[in-house]
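Dropping target_19.csv in here (CSV, C-alpha atoms and all ligand atoms):
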```csv
chain,number,residue,atom,x,y,z
A,868,MET,CA,83.2,-30.9,1.9
A,869,ILE,CA,82.4,-27.6,0.1
A,870,TYR,CA,80.2,-27.6,-3.0
A,871,LEU,CA,80.9,-25.1,-5.7
A,872,ALA,CA,78.6,-23.9,-8.5
A,873,GLY,CA,80.6,-21.8,-11.0
A,874,GLY,CA,83.9,-23.4,-10.0
A,875,THR,CA,84.9,-23.2,-13.7
A,876,SER,CA,84.3,-19.4,-13.9
A,877,PHE,CA,87.1,-16.9,-14.0
A,878,LEU,CA,86.6,-16.2,-10.3
A,879,GLY,CA,85.8,-19.8,-9.5
A,880,LYS,CA,89.2,-21.0,-10.7
A,881,ARG,CA,91.0,-18.8,-8.1
A,882,VAL,CA,88.6,-19.9,-5.4
A,883,VAL,CA,89.2,-23.6,-6.2
A,884,GLU,CA,93.0,-23.0,-6.0
A,885,LYS,CA,92.7,-21.2,-2.7
A,886,LEU,CA,90.4,-23.8,-1.2
A,887,LEU,CA,92.6,-26.7,-2.2
A,888,SER,CA,95.8,-25.0,-1.0
A,889,SER,CA,94.2,-24.4,2.3
A,890,GLY,CA,93.4,-28.1,2.6
A,891,LYS,CA,89.7,-28.1,2.0
A,892,ASP,CA,87.8,-30.9,0.3
A,893,ILE,CA,85.7,-29.6,-2.5
A,894,LYS,CA,83.2,-30.8,-5.0
A,895,CYS,CA,82.5,-28.8,-8.2
A,896,LEU,CA,79.4,-28.7,-10.4
A,897,PHE,CA,80.2,-29.2,-14.1
A,898,ARG,CA,77.7,-29.0,-16.9
A,899,SER,CA,79.8,-29.9,-20.0
A,900,GLU,CA,82.8,-32.0,-21.0
A,901,ALA,CA,84.8,-28.8,-21.5
A,902,ALA,CA,84.0,-27.6,-17.9
A,903,LYS,CA,84.9,-31.1,-16.6
A,904,HIS,CA,88.2,-30.9,-18.5
A,905,LYS,CA,89.0,-27.5,-16.9
A,906,LEU,CA,88.4,-29.0,-13.5
A,907,VAL,CA,90.6,-32.1,-14.2
A,908,LEU,CA,93.5,-29.7,-15.2
A,909,LEU,CA,93.0,-27.7,-12.0
A,910,ARG,CA,93.1,-30.9,-9.9
A,911,GLU,CA,96.3,-32.0,-11.7
A,912,LYS,CA,97.9,-28.6,-11.2
A,913,ASN,CA,97.1,-28.6,-7.5
A,914,LYS,CA,97.8,-32.3,-6.9
A,915,GLU,CA,94.9,-32.4,-4.5
A,916,LYS,CA,91.5,-34.1,-4.1
A,917,LEU,CA,88.7,-32.4,-6.0
A,918,ASP,CA,85.4,-34.2,-6.6
A,919,MET,CA,83.2,-33.4,-9.5
A,920,ALA,CA,79.4,-33.7,-10.0
A,921,GLY,CA,77.7,-33.4,-13.3
A,922,GLY,CA,74.5,-31.3,-13.4
A,923,ASN,CA,72.9,-28.2,-14.8
A,924,LEU,CA,71.3,-25.2,-13.1
A,925,TYR,CA,68.5,-25.6,-15.6
A,926,SER,CA,67.1,-28.4,-13.4
A,927,ALA,CA,67.0,-28.7,-9.6
A,928,ASP,CA,66.8,-32.5,-9.9
A,929,SER,CA,70.1,-32.7,-11.7
A,930,LEU,CA,71.8,-30.9,-8.7
A,931,ILE,CA,70.5,-33.2,-6.0
A,932,TYR,CA,73.1,-36.0,-6.6
A,933,GLY,CA,76.0,-33.6,-6.2
A,934,LEU,CA,74.5,-31.8,-3.2
A,935,LYS,CA,73.7,-34.9,-1.1
A,936,GLY,CA,75.6,-34.9,2.2
A,937,ILE,CA,77.0,-31.3,1.7
A,938,ASP,CA,76.5,-28.7,4.3
A,939,MET,CA,78.4,-25.7,2.8
A,940,ALA,CA,78.4,-24.3,-0.7
A,941,ILE,CA,79.7,-21.3,-2.8
A,942,TYR,CA,77.5,-20.1,-5.6
A,943,MET,CA,79.4,-18.2,-8.3
A,944,VAL,CA,77.0,-18.1,-11.3
A,945,ARG,CA,75.5,-14.8,-12.3
A,946,LEU,CA,72.5,-14.0,-10.1
A,947,GLU,CA,70.6,-12.4,-13.0
A,948,TYR,CA,69.7,-16.0,-14.0
A,949,VAL,CA,67.0,-16.0,-11.4
A,950,ASP,CA,65.6,-19.4,-12.5
A,951,PHE,CA,69.0,-20.9,-11.8
A,952,VAL,CA,68.9,-19.5,-8.3
A,953,LYS,CA,65.4,-20.9,-7.7
A,954,ASN,CA,66.5,-24.3,-8.9
A,955,PHE,CA,69.6,-24.2,-6.7
A,956,LEU,CA,67.6,-23.1,-3.6
A,957,ASP,CA,65.0,-25.9,-4.4
A,958,ALA,CA,67.7,-28.6,-4.6
A,959,ALA,CA,69.5,-27.1,-1.5
A,960,GLY,CA,66.2,-27.3,0.5
A,961,LYS,CA,65.7,-31.0,-0.5
A,962,CYS,CA,69.3,-31.9,0.4
A,963,GLY,CA,69.4,-30.1,3.8
A,964,LEU,CA,72.1,-27.7,2.7
A,965,LYS,CA,72.7,-25.1,5.5
A,966,ARG,CA,75.3,-22.5,4.5
A,967,VAL,CA,75.9,-20.8,1.1
A,968,VAL,CA,78.0,-17.9,0.0
A,969,PHE,CA,76.5,-16.2,-3.0
A,970,ILE,CA,78.4,-13.9,-5.4
A,971,SER,CA,76.2,-11.0,-6.6
A,972,SER,CA,77.7,-7.7,-7.9
A,973,THR,CA,77.6,-3.9,-7.2
A,974,THR,CA,75.3,-3.7,-10.3
A,975,ALA,CA,72.6,-4.3,-7.6
A,976,LEU,CA,73.4,-0.8,-6.3
A,977,LEU,CA,73.4,1.2,-9.5
A,978,PRO,CA,71.5,4.5,-9.0
A,979,THR,CA,69.6,4.0,-12.3
A,980,GLU,CA,67.1,1.2,-13.1
A,981,ASN,CA,68.2,-1.5,-15.5
A,982,LYS,CA,67.3,-5.1,-16.3
A,983,PHE,CA,70.4,-6.7,-14.5
A,984,LYS,CA,70.0,-4.7,-11.3
A,985,LYS,CA,66.3,-5.7,-11.1
A,986,LEU,CA,67.1,-9.4,-11.7
A,987,LYS,CA,70.0,-9.4,-9.2
A,988,LEU,CA,67.9,-7.8,-6.5
A,989,GLU,CA,65.2,-10.3,-7.2
A,990,ALA,CA,67.6,-13.2,-6.7
A,991,GLU,CA,69.1,-11.7,-3.6
A,992,ASP,CA,65.7,-11.4,-2.1
A,993,LEU,CA,65.0,-15.1,-2.8
A,994,ILE,CA,68.3,-16.0,-1.1
A,995,LYS,CA,67.5,-13.9,2.0
A,996,ARG,CA,64.1,-15.6,2.3
A,997,SER,CA,65.4,-19.1,1.7
A,998,GLY,CA,66.1,-20.1,5.3
A,999,LEU,CA,69.7,-20.8,4.4
A,1000,ILE,CA,72.5,-19.2,6.4
A,1001,TYR,CA,73.6,-16.9,3.6
A,1002,THR,CA,76.4,-14.4,2.9
A,1003,ILE,CA,76.0,-12.3,-0.3
A,1004,LEU,CA,79.2,-10.7,-1.6
A,1005,ARG,CA,78.9,-7.9,-4.1
A,1006,PRO,CA,82.2,-7.4,-6.0
A,1007,THR,CA,82.8,-4.4,-8.3
A,1008,MET,CA,84.5,-5.2,-11.7
A,1009,ILE,CA,87.0,-8.0,-11.1
A,1010,TYR,CA,90.4,-8.0,-12.7
A,1011,GLY,CA,93.7,-10.0,-12.4
A,1012,GLY,CA,95.2,-12.8,-14.4
A,1013,CYS,CA,94.6,-14.1,-18.0
A,1014,GLY,CA,90.9,-14.9,-17.7
A,1015,ASP,CA,89.9,-11.4,-16.7
A,1016,ASN,CA,87.4,-10.2,-19.1
A,1017,ASN,CA,87.9,-6.6,-18.2
A,1018,PHE,CA,91.5,-5.4,-17.9
A,1019,TYR,CA,93.1,-8.3,-19.8
A,1020,LYS,CA,91.1,-7.3,-22.8
A,1021,MET,CA,92.1,-3.7,-22.3
A,1022,LEU,CA,95.8,-4.5,-22.0
A,1023,ASN,CA,95.7,-6.7,-25.1
A,1024,PHE,CA,93.9,-4.0,-27.1
A,1025,ILE,CA,96.5,-1.4,-26.0
A,1026,LYS,CA,99.3,-3.7,-26.9
A,1027,ASN,CA,98.0,-4.5,-30.3
A,1028,LYS,CA,96.6,-1.1,-31.3
A,1029,GLY,CA,98.7,1.4,-29.5
A,1030,PHE,CA,95.7,3.5,-28.3
A,1031,PHE,CA,92.6,3.2,-26.1
A,1032,VAL,CA,89.2,4.8,-26.3
A,1033,ILE,CA,87.4,6.4,-23.3
A,1034,PHE,CA,83.6,6.7,-23.6
A,1035,GLY,CA,82.7,10.0,-21.9
A,1036,SER,CA,84.7,12.5,-19.9
A,1037,GLY,CA,87.0,10.0,-18.1
A,1038,LYS,CA,86.0,11.7,-14.9
A,1039,ASN,CA,83.7,8.9,-13.7
A,1040,LEU,CA,84.9,6.9,-10.7
A,1041,ILE,CA,85.6,3.1,-10.8
A,1042,GLN,CA,86.9,0.9,-8.1
A,1043,PRO,CA,87.9,-2.5,-9.6
A,1044,VAL,CA,88.8,-5.3,-7.2
A,1045,HIS,CA,91.6,-7.9,-7.7
A,1046,VAL,CA,90.4,-11.5,-8.2
A,1047,ASP,CA,92.6,-12.7,-5.3
A,1048,ASP,CA,90.9,-10.3,-2.9
A,1049,VAL,CA,87.5,-11.5,-4.0
A,1050,ALA,CA,88.6,-15.2,-3.6
A,1051,GLY,CA,90.1,-14.3,-0.2
A,1052,ALA,CA,86.9,-12.7,0.9
A,1053,ILE,CA,84.9,-15.8,0.0
A,1054,LEU,CA,87.3,-18.0,2.1
A,1055,SER,CA,87.1,-15.5,5.0
A,1056,VAL,CA,83.3,-15.5,5.3
A,1057,LEU,CA,82.7,-19.3,4.7
A,1058,ASP,CA,82.6,-20.4,8.3
A,1059,ASN,CA,82.7,-16.9,10.0
A,1060,PRO,CA,79.5,-16.3,12.1
A,1061,ALA,CA,80.1,-12.5,11.9
A,1062,ALA,CA,79.2,-12.7,8.2
A,1063,PHE,CA,76.1,-14.9,8.5
A,1064,ASN,CA,73.0,-13.5,6.9
A,1065,LYS,CA,74.8,-10.4,5.7
A,1066,THR,CA,75.5,-8.6,2.4
A,1067,TYR,CA,78.8,-6.9,1.7
A,1068,GLU,CA,80.3,-4.7,-1.0
A,1069,ILE,CA,83.7,-6.0,-2.1
A,1070,CYS,CA,85.8,-3.5,-3.9
A,1071,GLY,CA,89.3,-2.2,-4.6
A,1072,GLU,CA,91.3,-0.2,-2.1
A,1073,GLY,CA,90.2,3.2,-3.4
A,1074,ALA,CA,88.0,4.7,-6.2
A,1075,LEU,CA,89.8,6.2,-9.2
A,1076,GLU,CA,88.8,8.5,-12.0
A,1077,TYR,CA,88.8,6.5,-15.3
A,1078,ASP,CA,91.5,8.9,-16.6
A,1079,GLU,CA,93.6,8.4,-13.5
A,1080,MET,CA,93.3,4.6,-13.8
A,1081,LEU,CA,94.5,4.8,-17.5
A,1082,LYS,CA,97.5,6.8,-16.4
A,1083,ILE,CA,98.4,4.1,-13.9
A,1084,VAL,CA,98.0,1.4,-16.7
A,1085,ARG,CA,100.3,3.5,-18.9
A,1086,LYS,CA,103.0,3.8,-16.2
A,1087,LYS,CA,102.9,0.1,-15.2
A,1088,LEU,CA,102.7,-1.1,-18.9
A,1089,LYS,CA,105.7,1.2,-19.6
A,1090,ARG,CA,104.0,2.1,-22.9
A,1091,ASN,CA,103.0,5.5,-24.1
A,1092,PHE,CA,99.7,4.7,-25.8
A,1093,ARG,CA,97.2,7.3,-27.0
A,1094,ILE,CA,93.9,8.0,-25.2
A,1095,ILE,CA,91.0,9.0,-27.4
A,1096,LYS,CA,87.9,10.5,-25.7
A,1097,LEU,CA,84.5,10.1,-27.3
A,1098,PRO,CA,81.5,11.9,-25.9
A,1099,ILE,CA,78.8,9.5,-24.6
A,1100,GLY,CA,76.2,10.5,-27.3
A,1101,ALA,CA,78.7,10.0,-30.2
A,1102,SER,CA,79.9,6.7,-28.5
A,1103,LYS,CA,76.3,5.3,-28.4
A,1104,PHE,CA,75.8,6.2,-32.1
A,1105,ALA,CA,79.1,4.6,-33.0
A,1106,VAL,CA,78.4,1.4,-31.0
A,1107,ASN,CA,75.0,1.0,-32.6
A,1108,ILE,CA,76.5,1.3,-36.1
A,1109,TYR,CA,79.3,-1.1,-35.1
A,1110,LYS,CA,76.8,-3.6,-33.7
A,1111,LYS,CA,75.0,-3.6,-37.1
A,1112,ILE,CA,78.2,-4.4,-38.9
A,1113,VAL,CA,79.9,-6.7,-36.4
A,1114,LYS,CA,77.0,-8.8,-35.0
A,1115,LYS,CA,78.9,-10.3,-32.2
A,1116,SER,CA,79.9,-7.1,-30.4
A,1117,ASP,CA,80.7,-7.1,-26.6
A,1118,PHE,CA,79.3,-3.5,-26.3
A,1119,ASN,CA,75.8,-2.1,-26.3
A,1120,SER,CA,74.6,1.5,-25.8
A,1121,ASP,CA,73.3,0.7,-22.3
A,1122,GLN,CA,76.8,-0.2,-21.2
A,1123,ILE,CA,78.1,3.1,-22.6
A,1124,GLU,CA,75.3,5.0,-20.7
A,1125,ARG,CA,76.4,3.3,-17.5
A,1126,MET,CA,79.9,4.5,-18.0
A,1127,LYS,CA,78.7,8.0,-16.9
A,1128,ILE,CA,77.9,6.6,-13.4
A,1129,ASP,CA,80.4,6.8,-10.5
A,1130,LYS,CA,81.0,3.3,-9.2
A,1131,ALA,CA,82.6,4.0,-5.8
A,1132,TYR,CA,81.8,1.9,-2.7
A,1133,SER,CA,82.8,1.4,0.9
A,1134,TYR,CA,84.2,-1.9,2.2
A,1135,SER,CA,84.2,-0.9,5.8
A,1136,GLU,CA,81.6,-3.5,6.8
A,1137,ALA,CA,83.7,-6.3,5.2
A,1138,GLN,CA,86.8,-4.8,6.9
A,1139,LYS,CA,85.1,-4.8,10.3
A,1140,ASP,CA,83.6,-8.3,10.1
A,1141,PHE,CA,86.3,-10.3,8.4
A,1142,GLY,CA,89.4,-8.1,8.0
A,1143,PHE,CA,88.9,-7.4,4.2
A,1144,ASN,CA,92.0,-5.4,3.1
A,1145,PRO,CA,92.2,-5.2,-0.7
A,1146,ILE,CA,95.3,-4.2,-2.6
A,1147,ALA,CA,95.6,-0.9,-4.4
A,1148,PHE,CA,94.9,-0.8,-8.2
A,1149,GLU,CA,98.5,0.2,-8.8
A,1150,ASP,CA,99.8,-3.0,-7.3
A,1151,GLY,CA,97.0,-5.2,-8.7
A,1152,ILE,CA,97.5,-4.1,-12.3
A,1153,GLU,CA,101.3,-4.5,-11.9
A,1154,LYS,CA,100.7,-8.1,-10.8
A,1155,GLU,CA,98.3,-8.7,-13.8
A,1156,ILE,CA,100.8,-7.2,-16.3
A,1157,ARG,CA,103.6,-9.4,-14.8
A,1158,GLU,CA,101.5,-12.6,-14.6
A,1159,ALA,CA,99.9,-12.2,-18.0
A,1160,GLY,CA,103.3,-11.4,-19.6
A,1161,PHE,CA,102.4,-8.0,-21.2
A,1201,LIG,N1,83.7,-10.9,-13.8
A,1201,LIG,C1,83.4,-9.8,-13.1
A,1201,LIG,O1,83.9,-8.7,-13.3
A,1201,LIG,C2,82.4,-9.9,-12.0
A,1201,LIG,C3,82.1,-8.7,-11.3
A,1201,LIG,C4,81.2,-8.8,-10.2
A,1201,LIG,C5,80.6,-10.0,-9.9
A,1201,LIG,N2,80.9,-11.1,-10.6
A,1201,LIG,C6,80.2,-12.4,-10.2
A,1201,LIG,O2,81.2,-13.4,-10.0
A,1201,LIG,C7,80.7,-14.6,-10.4
A,1201,LIG,C8,81.6,-15.3,-11.3
A,1201,LIG,O3,81.7,-14.4,-12.5
A,1201,LIG,P1,82.7,-14.7,-13.6
A,1201,LIG,O4,82.8,-13.5,-14.5
A,1201,LIG,O5,84.0,-15.2,-13.1
A,1201,LIG,O6,81.9,-15.9,-14.4
A,1201,LIG,P2,82.0,-16.5,-15.8
A,1201,LIG,O7,83.5,-16.6,-16.1
A,1201,LIG,O8,81.0,-15.8,-16.7
A,1201,LIG,O9,81.5,-18.0,-15.5
A,1201,LIG,C9,80.1,-18.3,-15.3
A,1201,LIG,C10,80.1,-19.7,-14.5
A,1201,LIG,O10,78.7,-20.1,-14.5
A,1201,LIG,C11,78.6,-21.4,-14.9
A,1201,LIG,N3,77.3,-21.7,-15.5
A,1201,LIG,C12,76.6,-20.9,-16.4
A,1201,LIG,N4,75.5,-21.5,-16.7
A,1201,LIG,C13,75.4,-22.7,-16.0
A,1201,LIG,C14,74.4,-23.7,-15.9
A,1201,LIG,N5,73.3,-23.7,-16.6
A,1201,LIG,N6,74.7,-24.7,-15.1
A,1201,LIG,C15,75.8,-24.8,-14.4
A,1201,LIG,N7,76.8,-23.8,-14.4
A,1201,LIG,C16,76.5,-22.8,-15.2
A,1201,LIG,C17,79.7,-21.6,-16.0
A,1201,LIG,O11,80.0,-22.9,-16.2
A,1201,LIG,P3,80.8,-23.4,-17.6
A,1201,LIG,O12,82.2,-23.4,-17.2
A,1201,LIG,O13,80.2,-24.7,-17.9
A,1201,LIG,O14,80.4,-22.4,-18.6
A,1201,LIG,C18,80.8,-20.8,-15.2
A,1201,LIG,O15,81.4,-21.6,-14.3
A,1201,LIG,C19,79.3,-14.4,-10.9
A,1201,LIG,O16,78.3,-14.5,-9.9
A,1201,LIG,C20,79.3,-12.9,-11.3
A,1201,LIG,O17,78.0,-12.3,-11.3
A,1201,LIG,C21,81.8,-11.1,-11.7
```
What do you get writing this file as structure tokens?
Amino acid sequence: MIYLAGGTSFLGKRVVEKLLSSGKDIKCLFRSEAAKHKLVLLREKNKEKLDMAGGNLYSADSLIYGLKGIDMAIYMVRLEYVDFVKNFLDAAGKCGLKRVVFISSTTALLPTENKFKKLKLEAEDLIKRSGLIYTILRPTMIYGGCGDNNFYKMLNFIKNKGFFVIFGSGKNLIQPVHVDDVAGAILSVLDNPAAFNKTYEICGEGALEYDEMLKIVRKKLKRNFRIIKLPIGASKFAVNIYKKIVKKSDFNSDQIERMKIDKAYSYSEAQKDFGFNPIAFEDGIEKEIREAGF
């Protein structure tokens, strides 16, 4: 049986579906009635066995009941919550868990210092020193399907407003990865000794300039929306004002600053060790547009 922390996340949902359809027995951690309900729906949709265990990463003790008798797990909760990682490792040690796949992110590789990079690296270091047989996967920005917090929001915005705003020159590189490729990578490394005690970058087929990516979105959406470019400095000023007016804003000026950075990576190690072969953005976004009904 495979234990999942974060099985109710956007990524976790695809991983659950893939594990069940490949005949694996799984047990998912849930911390609220809402999360339990999501899992019950997934179980009904897949008509398969899916166990559930209540608990919360705030406490190692609450995880022990669910982890007893488990020898393999997938951890899909943000690694910047370092105390959660400590609690999980503590419970894993007490229960004799042997093998865990952890999902980090390429934020850990950013060339500039920031809070999230520091915390993710701290968590990765704890994992590497835990004695578990680990694999750490670092995806880039993940997209695909309705729950995608990145491109789904963008497509919705474009559909409703008829324009899109780029912060900066639009020449920065991005390499988003489709959620099915990330879920597939998790399944490929689970019991693959070639991936034991290793860390991999998991990204889309090729890096694209932000401008170029928007041209593909325009072509696939079959909608001629306007693209407005705002210089980084002006964008940060505008975001700070917006944040003062709309308290619950998704954006902050650090995020705008990070948009200047090229986020291009190599997946050659993943290709060599477990045949990782991601789809091109052009195909992935077409799939998302079709599946989400845009
Ligand atoms: N989304 C991306 O673009 C992206 C990119 C790179 C890497 N990643 C990594 O991929 C993984 C999944 O990301 P996501 O965006 O799909 O996640 P998400 O939708 O933000 O979901 C977070 C998950 O963590 C669980 N969780 C949070 N606090 C918890 C607690 N105290 N106890 C137990 N469970 C708790 C949530 O449970 P509830 O359902 O109860 O809230 C949920 O299942 C993360 O490790 C993330 O760093 C994501």
> For Gly1151 in chain A, which of A:Ile1083, A:Met1126, A:Ile1095, A:Ala975 is the closest residue, counting all atoms listed in the file?
Replying inline: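 The shortest atom-to-atom distance to Gly1151 in chain A comes from A:Ile1083.
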>> At a cut-off of 8 Å around ligand LIG 1201 (chain A), and using all atoms listed in the file, what residues come up? Please write them as a ChimeraX atom specification.
In response: /A:872-879,896-899,901-902,905,922-925,942-947,951,969-974,1005-1010,1014-1017
> What does the distance between CA of Cys1070 in chain A and CA of Tyr1132 in chain A come to in Å, to one decimal place?
Replying inline: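 We find that CA of Cys1070 in chain A and CA of Tyr1132 in chain A lie 6.8 Å from each other.
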> At most 12 Å from (77.8, 6.8, -27.4), file frame, all atoms listed in the file: which residues, as a list in words?
Replying inline: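 Within the cut-off we find Val1032, Ile1033, Phe1034, Gly1035, Ser1036, Lys1096, Leu1097, Pro1098, Ile1099, Gly1100, Ala1101, Ser1102, Lys1103, Phe1104, Ala1105, Val1106, Asn1107, Ile1108, Tyr1109, Phe1118, Asn1119, Ser1120, Asp1121, Gln1122, Ile1123, Glu1124, Arg1125, Met1126 and Lys1127 of chain A.
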Would you mind listing what lies within 10 Å of Val1084 in chain A as a PDB file with C-alpha atoms, keeping the file's coordinate frame, with all atoms listed in the file counted and same-chain residues fewer than 6 positions away left out?
```pdb
ATOM      1  CA  PHE A1018      91.500  -5.400 -17.900  1.00  0.00           C
ATOM      2  CA  MET A1021      92.100  -3.700 -22.300  1.00  0.00           C
ATOM      3  CA  LEU A1022      95.800  -4.500 -22.000  1.00  0.00           C
ATOM      4  CA  ILE A1025      96.500  -1.400 -26.000  1.00  0.00           C
ATOM      5  CA  ASP A1078      91.500   8.900 -16.600  1.00  0.00           C
ATOM      6  CA  ARG A1090     104.000   2.100 -22.900  1.00  0.00           C
ATOM      7  CA  ASN A1091     103.000   5.500 -24.100  1.00  0.00           C
ATOM      8  CA  PHE A1092      99.700   4.700 -25.800  1.00  0.00           C
ATOM      9  CA  PHE A1148      94.900  -0.800  -8.200  1.00  0.00           C
ATOM     10  CA  GLU A1149      98.500   0.200  -8.800  1.00  0.00           C
ATOM     11  CA  ILE A1152      97.500  -4.100 -12.300  1.00  0.00           C
ATOM     12  CA  GLU A1153     101.300  -4.500 -11.900  1.00  0.00           C
ATOM     13  CA  ILE A1156     100.800  -7.200 -16.300  1.00  0.00           C
TER      14      ILE A1156
END
```
